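Colleague: Pasting a structure here, questions to come.
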Amino acid sequence: MKRGSGAIMALMLVAPAAEVGAHGLATGFVSIETADDHEADVLIKIPEVEGQTPALGIAFAEGCEELPGRTRFKRNAGTIERWRIRCPQPLTGMDIELKGLNAVLGDVFVELRSPNAEGWSTVVRRGLPTARLGARDARGLQNNAGYFPLGVEHILSGFDHLFFVLALLLLVWRTRSPYGRRAVTKTILATITAFTAGHSITLAAATLDLVRLPRAPTELAIALSVLLLAVELARDDRSTLTMRFPWIIAFVFGLLHGFGFAGALAEIGLPPEGIAVPLLLFNLGVEAGQLLIVLGAASAVAVASSVVGRRRFAAGPLPSFNTALVYAIGTITAYWCCERSLGWIL
């Protein structure tokens, strides 16, 4: 009966979540390069979302004109547009507005390459779609610092990575809670550290073009990794490798998830030179997002244990909630596996 009620709760959770993409909000990229601060090359990279390319435009200051020769082409699951503009006033210090930000295309990374604003960049969000080029105030995230919040957002809004971390935490709690809080804490630290090491290796290797994997099978394999954990949790066989050594599974699948992070970073775009700093900041953002997930889960455990009683909760998460969460993760990721399989084959 508990399993049945858990399945029903899972389906209620799946209904709205199935409509949400596994990677959350898409992020665009804008590069403005100028030598004299009046005439510039403009590049926009717009990621493809569920087979569609969102509309994205830039409104420069009054008086700026577009020069002939705009080009548009597809590359790496996205669309790139290039054109030139000429403005009577300096580009550095100019206010621009990004048009087309919405619930799908939520953020745009903007960089200005100019002698007057070396290394300047910022993240423009749909709540505030304007930016002052080259600004060194509180609104500007200069020197590539904008990659850090993008890393945080990617893991928090990328539901496949989020589900994987949550499933790892649930697995550790279920198998180690009978041995006390210290055993849970030590195993969580080992497991999350292993996942971090794994995805950091492949994120760096793929970004530096040392290793390449096709995107479609990689995305399918990531969804399968989450489904595997859900199946292990549903079976609850404590003798399996996954249950006994979660840090090994976390490291191995972390290598796989690193390719997914690298794909997201490629969609955002990197500066032509000096990619080490943005790569590091993006990875640190991912780690910060992971830490938020762990702290959120720990806070939920603390609240639940105080409500239902420490001794009762120490035996593991409440059965109905446990079952519902596992069924929800399993059902959603099974849907993603089917969707990504069809997308790869077709």
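Residues are referred to by chain and number: the chain letter is A, B, ... according to the order shown in the structure tokens, the number counts from 1 in that chain, and ligands are numbered separately from 1 in the order shown.
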As an NGL selection string, list the residues of stretch 11-247 of chain A assigned to strand (DSSP E) by DSSP on the backbone atoms of this structure.
Modeller: :A and (26-34 or 39-47 or 57-59 or 65-74 or 78-86 or 95-99 or 105-113 or 120-125 or 130-132)
Colleague: Find the residues near A:Arg215: any atom within 10 Å, counting only C-alpha atoms, skip ones fewer than 5 places away on the same chain, and give them as a list in words.
Modeller: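 Near A:Arg215, the qualifying residues are Asn76, Ala77, Leu220, Ala221, Phe259, Gly260, Gly263 and Trp344 of chain A.
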Colleague: Go ahead and save the picked residues with N, CA, C and O atoms, as a PDB file, in the first residue's frame.
Modeller:
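File written: part_22.pdb
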```
ATOM      1  N   ASN A  76      27.069  23.709 -33.401  1.00  0.00           N
ATOM      2  CA  ASN A  76      27.046  23.125 -32.057  1.00  0.00           C
ATOM      3  C   ASN A  76      25.710  23.325 -31.347  1.00  0.00           C
ATOM      4  O   ASN A  76      25.633  23.891 -30.266  1.00  0.00           O
ATOM      5  N   ALA A  77      24.627  22.855 -31.972  1.00  0.00           N
ATOM      6  CA  ALA A  77      23.286  22.903 -31.365  1.00  0.00           C
ATOM      7  C   ALA A  77      22.886  24.321 -30.993  1.00  0.00           C
ATOM      8  O   ALA A  77      22.264  24.576 -29.970  1.00  0.00           O
ATOM      9  N   LEU A 220      22.175  11.179 -23.064  1.00  0.00           N
ATOM     10  CA  LEU A 220      21.420   9.962 -22.757  1.00  0.00           C
ATOM     11  C   LEU A 220      22.085   9.205 -21.605  1.00  0.00           C
ATOM     12  O   LEU A 220      21.401   8.741 -20.688  1.00  0.00           O
ATOM     13  N   ALA A 221      23.409   9.091 -21.645  1.00  0.00           N
ATOM     14  CA  ALA A 221      24.125   8.368 -20.597  1.00  0.00           C
ATOM     15  C   ALA A 221      23.977   9.057 -19.240  1.00  0.00           C
ATOM     16  O   ALA A 221      23.898   8.396 -18.207  1.00  0.00           O
ATOM     17  N   PHE A 259      31.237  15.917 -18.825  1.00  0.00           N
ATOM     18  CA  PHE A 259      31.024  16.207 -20.243  1.00  0.00           C
ATOM     19  C   PHE A 259      29.745  17.034 -20.434  1.00  0.00           C
ATOM     20  O   PHE A 259      29.667  17.872 -21.329  1.00  0.00           O
ATOM     21  N   GLY A 260      28.739  16.771 -19.588  1.00  0.00           N
ATOM     22  CA  GLY A 260      27.529  17.585 -19.655  1.00  0.00           C
ATOM     23  C   GLY A 260      27.795  19.028 -19.257  1.00  0.00           C
ATOM     24  O   GLY A 260      27.303  19.965 -19.895  1.00  0.00           O
ATOM     25  N   GLY A 263      29.529  20.728 -22.070  1.00  0.00           N
ATOM     26  CA  GLY A 263      28.606  21.109 -23.146  1.00  0.00           C
ATOM     27  C   GLY A 263      27.876  22.397 -22.828  1.00  0.00           C
ATOM     28  O   GLY A 263      27.684  23.252 -23.704  1.00  0.00           O
ATOM     29  N   TRP A 344      18.335  10.989 -30.350  1.00  0.00           N
ATOM     30  CA  TRP A 344      19.604  10.518 -30.877  1.00  0.00           C
ATOM     31  C   TRP A 344      19.403   9.683 -32.142  1.00  0.00           C
ATOM     32  O   TRP A 344      20.092   9.860 -33.146  1.00  0.00           O
TER      33      TRP A 344
END
```
Colleague: Report as a VMD selection string all protein, DNA and RNA residues lying within 10 Å of stretch 148-162 of chain A, evaluated on only C-alpha atoms, omitting residues in the same chain fewer than 4 positions from it.
Modeller: chain A and resid 17 20 to 27 107 to 109 123 141 144 166 to 167 219 222 to 227 254 257 to 258 260 to 261 264 to 265 268 278 to 293 329 332 to 333 336
Colleague: Just write the chosen residues, N, CA and C atoms, as a compact mmCIF listing (two decimals), in the first residue's frame.
Modeller:
```
# COMPACT_ATOMS: atom_id res chain seq x y z
N ALA A 17 6.76 18.48 -13.78
CA ALA A 17 8.20 18.46 -14.00
C ALA A 17 8.57 17.90 -15.37
N VAL A 20 9.52 20.35 -17.98
CA VAL A 20 10.70 21.17 -17.78
C VAL A 20 11.91 20.47 -18.35
N GLY A 21 12.75 21.17 -19.11
CA GLY A 21 13.95 20.57 -19.66
C GLY A 21 14.92 20.20 -18.57
N ALA A 22 15.77 19.22 -18.85
CA ALA A 22 16.70 18.72 -17.84
C ALA A 22 17.77 19.72 -17.49
N HIS A 23 17.99 20.70 -18.31
CA HIS A 23 19.07 21.65 -18.05
C HIS A 23 18.57 23.02 -17.66
N GLY A 24 17.29 23.19 -17.39
CA GLY A 24 16.80 24.47 -16.88
C GLY A 24 16.89 25.56 -17.94
N LEU A 25 17.17 26.79 -17.48
CA LEU A 25 17.23 27.93 -18.37
C LEU A 25 18.40 27.81 -19.33
N ALA A 26 18.18 28.26 -20.59
CA ALA A 26 19.27 28.33 -21.55
C ALA A 26 19.98 29.66 -21.37
N THR A 27 21.25 29.69 -21.78
CA THR A 27 22.07 30.89 -21.63
C THR A 27 22.63 31.27 -22.99
N ASP A 107 19.24 34.00 -19.32
CA ASP A 107 20.47 34.73 -19.06
C ASP A 107 21.26 34.89 -20.36
N VAL A 108 22.04 35.96 -20.42
CA VAL A 108 22.96 36.17 -21.54
C VAL A 108 24.29 36.64 -20.97
N PHE A 109 25.34 35.97 -21.35
CA PHE A 109 26.68 36.39 -20.96
C PHE A 109 27.19 37.38 -22.00
N VAL A 123 26.76 39.32 -16.73
CA VAL A 123 25.63 38.45 -17.02
C VAL A 123 24.36 39.29 -16.97
N LEU A 141 29.99 42.43 -13.72
CA LEU A 141 30.77 41.29 -13.25
C LEU A 141 31.97 41.18 -14.18
N ASN A 144 35.65 38.19 -16.09
CA ASN A 144 35.10 36.84 -16.25
C ASN A 144 34.38 36.30 -15.02
N LEU A 166 20.94 14.51 -5.48
CA LEU A 166 19.93 14.16 -4.49
C LEU A 166 19.84 12.65 -4.28
N ALA A 167 19.93 11.89 -5.38
CA ALA A 167 19.88 10.43 -5.27
C ALA A 167 21.10 9.90 -4.51
N GLU A 219 24.31 12.94 -23.30
CA GLU A 219 23.12 13.37 -22.55
C GLU A 219 22.26 12.16 -22.17
N ILE A 222 23.93 10.39 -19.23
CA ILE A 222 23.74 11.13 -17.98
C ILE A 222 22.37 10.79 -17.38
N ALA A 223 21.34 10.79 -18.22
CA ALA A 223 20.01 10.43 -17.73
C ALA A 223 19.98 8.99 -17.22
N LEU A 224 20.68 8.08 -17.91
CA LEU A 224 20.73 6.69 -17.47
C LEU A 224 21.44 6.55 -16.13
N SER A 225 22.43 7.40 -15.87
CA SER A 225 23.13 7.33 -14.59
C SER A 225 22.20 7.67 -13.43
N VAL A 226 21.31 8.64 -13.65
CA VAL A 226 20.34 9.00 -12.62
C VAL A 226 19.32 7.88 -12.46
N LEU A 227 18.89 7.31 -13.58
CA LEU A 227 17.92 6.21 -13.53
C LEU A 227 18.49 5.01 -12.79
N GLY A 254 30.61 10.83 -12.22
CA GLY A 254 31.06 12.22 -12.24
C GLY A 254 31.84 12.52 -13.51
N HIS A 257 29.20 13.19 -16.07
CA HIS A 257 28.51 14.46 -15.89
C HIS A 257 29.41 15.64 -16.25
N GLY A 258 30.72 15.47 -16.13
CA GLY A 258 31.64 16.53 -16.51
C GLY A 258 31.51 16.91 -17.97
N GLY A 260 28.74 16.77 -19.59
CA GLY A 260 27.53 17.59 -19.66
C GLY A 260 27.80 19.03 -19.26
N PHE A 261 28.59 19.23 -18.20
CA PHE A 261 28.96 20.59 -17.79
C PHE A 261 29.75 21.28 -18.90
N ALA A 264 27.48 22.57 -21.56
CA ALA A 264 26.81 23.81 -21.15
C ALA A 264 27.76 24.99 -21.26
N LEU A 265 29.01 24.79 -20.88
CA LEU A 265 30.00 25.87 -20.96
C LEU A 265 30.29 26.23 -22.41
N ILE A 268 27.54 28.49 -23.63
CA ILE A 268 27.70 29.86 -23.14
C ILE A 268 28.77 30.57 -23.95
N PRO A 278 37.90 31.61 -16.65
CA PRO A 278 36.46 31.32 -16.72
C PRO A 278 36.13 29.85 -16.48
N LEU A 279 37.00 28.94 -16.91
CA LEU A 279 36.79 27.51 -16.65
C LEU A 279 36.81 27.24 -15.15
N LEU A 280 37.80 27.81 -14.46
CA LEU A 280 37.89 27.62 -13.02
C LEU A 280 36.67 28.21 -12.31
N LEU A 281 36.26 29.41 -12.71
CA LEU A 281 35.12 30.07 -12.05
C LEU A 281 33.83 29.30 -12.28
N PHE A 282 33.64 28.79 -13.49
CA PHE A 282 32.44 28.01 -13.78
C PHE A 282 32.41 26.75 -12.93
N ASN A 283 33.57 26.07 -12.82
CA ASN A 283 33.63 24.85 -12.01
C ASN A 283 33.40 25.16 -10.54
N LEU A 284 33.96 26.27 -10.05
CA LEU A 284 33.72 26.66 -8.66
C LEU A 284 32.24 26.97 -8.43
N GLY A 285 31.60 27.54 -9.44
CA GLY A 285 30.16 27.79 -9.34
C GLY A 285 29.37 26.50 -9.22
N VAL A 286 29.78 25.49 -10.00
CA VAL A 286 29.14 24.17 -9.91
C VAL A 286 29.32 23.60 -8.50
N GLU A 287 30.54 23.73 -7.96
CA GLU A 287 30.79 23.21 -6.61
C GLU A 287 29.96 23.96 -5.57
N ALA A 288 29.82 25.27 -5.74
CA ALA A 288 29.00 26.04 -4.80
C ALA A 288 27.54 25.60 -4.88
N GLY A 289 27.07 25.32 -6.10
CA GLY A 289 25.71 24.82 -6.26
C GLY A 289 25.52 23.47 -5.58
N GLN A 290 26.54 22.59 -5.72
CA GLN A 290 26.48 21.30 -5.03
C GLN A 290 26.39 21.49 -3.52
N LEU A 291 27.18 22.42 -3.01
CA LEU A 291 27.18 22.68 -1.58
C LEU A 291 25.82 23.16 -1.12
N LEU A 292 25.17 23.99 -1.93
CA LEU A 292 23.82 24.46 -1.58
C LEU A 292 22.84 23.29 -1.52
N ILE A 293 22.98 22.34 -2.45
CA ILE A 293 22.10 21.16 -2.45
C ILE A 293 22.30 20.35 -1.17
N ILE A 329 11.96 10.60 -9.13
CA ILE A 329 13.23 10.69 -9.84
C ILE A 329 13.31 9.64 -10.93
N ILE A 332 10.76 10.43 -13.95
CA ILE A 332 11.18 11.58 -14.77
C ILE A 332 12.40 11.21 -15.61
N THR A 333 13.39 10.55 -15.00
CA THR A 333 14.59 10.21 -15.75
C THR A 333 14.32 9.12 -16.79
N TRP A 336 13.13 11.04 -19.66
CA TRP A 336 14.26 11.69 -20.34
C TRP A 336 15.04 10.68 -21.18
```
Colleague: When you count only C-alpha atoms, which of these residues is closest to A:Thr187: A:Leu241, A:Arg125, A:Ala250, A:Leu233?
Modeller: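 Nearest candidate to A:Thr187 out of A:Leu241, A:Arg125, A:Ala250, A:Leu233: A:Ala250.
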Colleague: Using atom CA of A:Cys87 and atom CA of A:His38 as the two end points, give the distance in Å to one decimal.
Modeller: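 Here the two named atoms are 5.1 Å from each other.
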Colleague: Might you pull out every residue within 10 Å of A:Ile96, with only C-alpha atoms counted and same-chain residues fewer than 2 positions away left off, and present them as a ChimeraX atom specification?
Modeller: /A:58-61,91,93-94,98-99,129-133
Colleague: What's the separation between atom CA of A:Asp236 and atom CA of A:Leu189, in Å to one decimal place?
Modeller: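 Atom CA of A:Leu189 lies at a distance of 21.8 Å from atom CA of A:Asp236.
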Colleague: Provide the atom CA of A:Ala266 to atom CA of A:Pro47 distance in Å, to one decimal place.
Modeller: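 Computed distance, atom CA of A:Ala266 to atom CA of A:Pro47, equals 9.9 Å.
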Colleague: Taking only residues of stretch 192-234 of chain A that have an atom at most 9 Å from an atom of stretch 244-249 of chain A, what is each one's shortest atom pair and its distance in Å to one decimal, using only C-alpha atoms, in chain and number order, as CSV?
Modeller:
```
residue,atom,partner,partner_atom,distance
A:Ile192,CA,A:Trp247,CA,7.4
A:Thr193,CA,A:Trp247,CA,8.0
A:Ala194,CA,A:Trp247,CA,5.7
A:Phe195,CA,A:Trp247,CA,7.3
```
Colleague: May I have the selected residues written with N, CA, C and O atoms, as a PDB file, in the first residue's frame?
Modeller:
```
ATOM      1  N   ILE A 192      30.589  13.151  -2.305  1.00  0.00           N
ATOM      2  CA  ILE A 192      30.526  14.425  -3.028  1.00  0.00           C
ATOM      3  C   ILE A 192      31.904  14.827  -3.534  1.00  0.00           C
ATOM      4  O   ILE A 192      32.047  15.366  -4.639  1.00  0.00           O
ATOM      5  N   THR A 193      32.942  14.545  -2.741  1.00  0.00           N
ATOM      6  CA  THR A 193      34.309  14.836  -3.195  1.00  0.00           C
ATOM      7  C   THR A 193      34.670  14.002  -4.418  1.00  0.00           C
ATOM      8  O   THR A 193      35.287  14.502  -5.370  1.00  0.00           O
ATOM      9  N   ALA A 194      34.259  12.744  -4.422  1.00  0.00           N
ATOM     10  CA  ALA A 194      34.525  11.880  -5.573  1.00  0.00           C
ATOM     11  C   ALA A 194      33.788  12.376  -6.817  1.00  0.00           C
ATOM     12  O   ALA A 194      34.348  12.385  -7.923  1.00  0.00           O
ATOM     13  N   PHE A 195      32.523  12.792  -6.644  1.00  0.00           N
ATOM     14  CA  PHE A 195      31.766  13.330  -7.769  1.00  0.00           C
ATOM     15  C   PHE A 195      32.426  14.598  -8.303  1.00  0.00           C
ATOM     16  O   PHE A 195      32.553  14.790  -9.521  1.00  0.00           O
TER      17      PHE A 195
END
```
Colleague: Could you check the closest approach to A:Leu213 for each of A:Leu256, A:Glu97, A:Ser114, A:Glu81 and tell me which residue wins, using only C-alpha atoms?
Modeller: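 Looking at the shortest contact to A:Leu213, the residue is A:Leu256.
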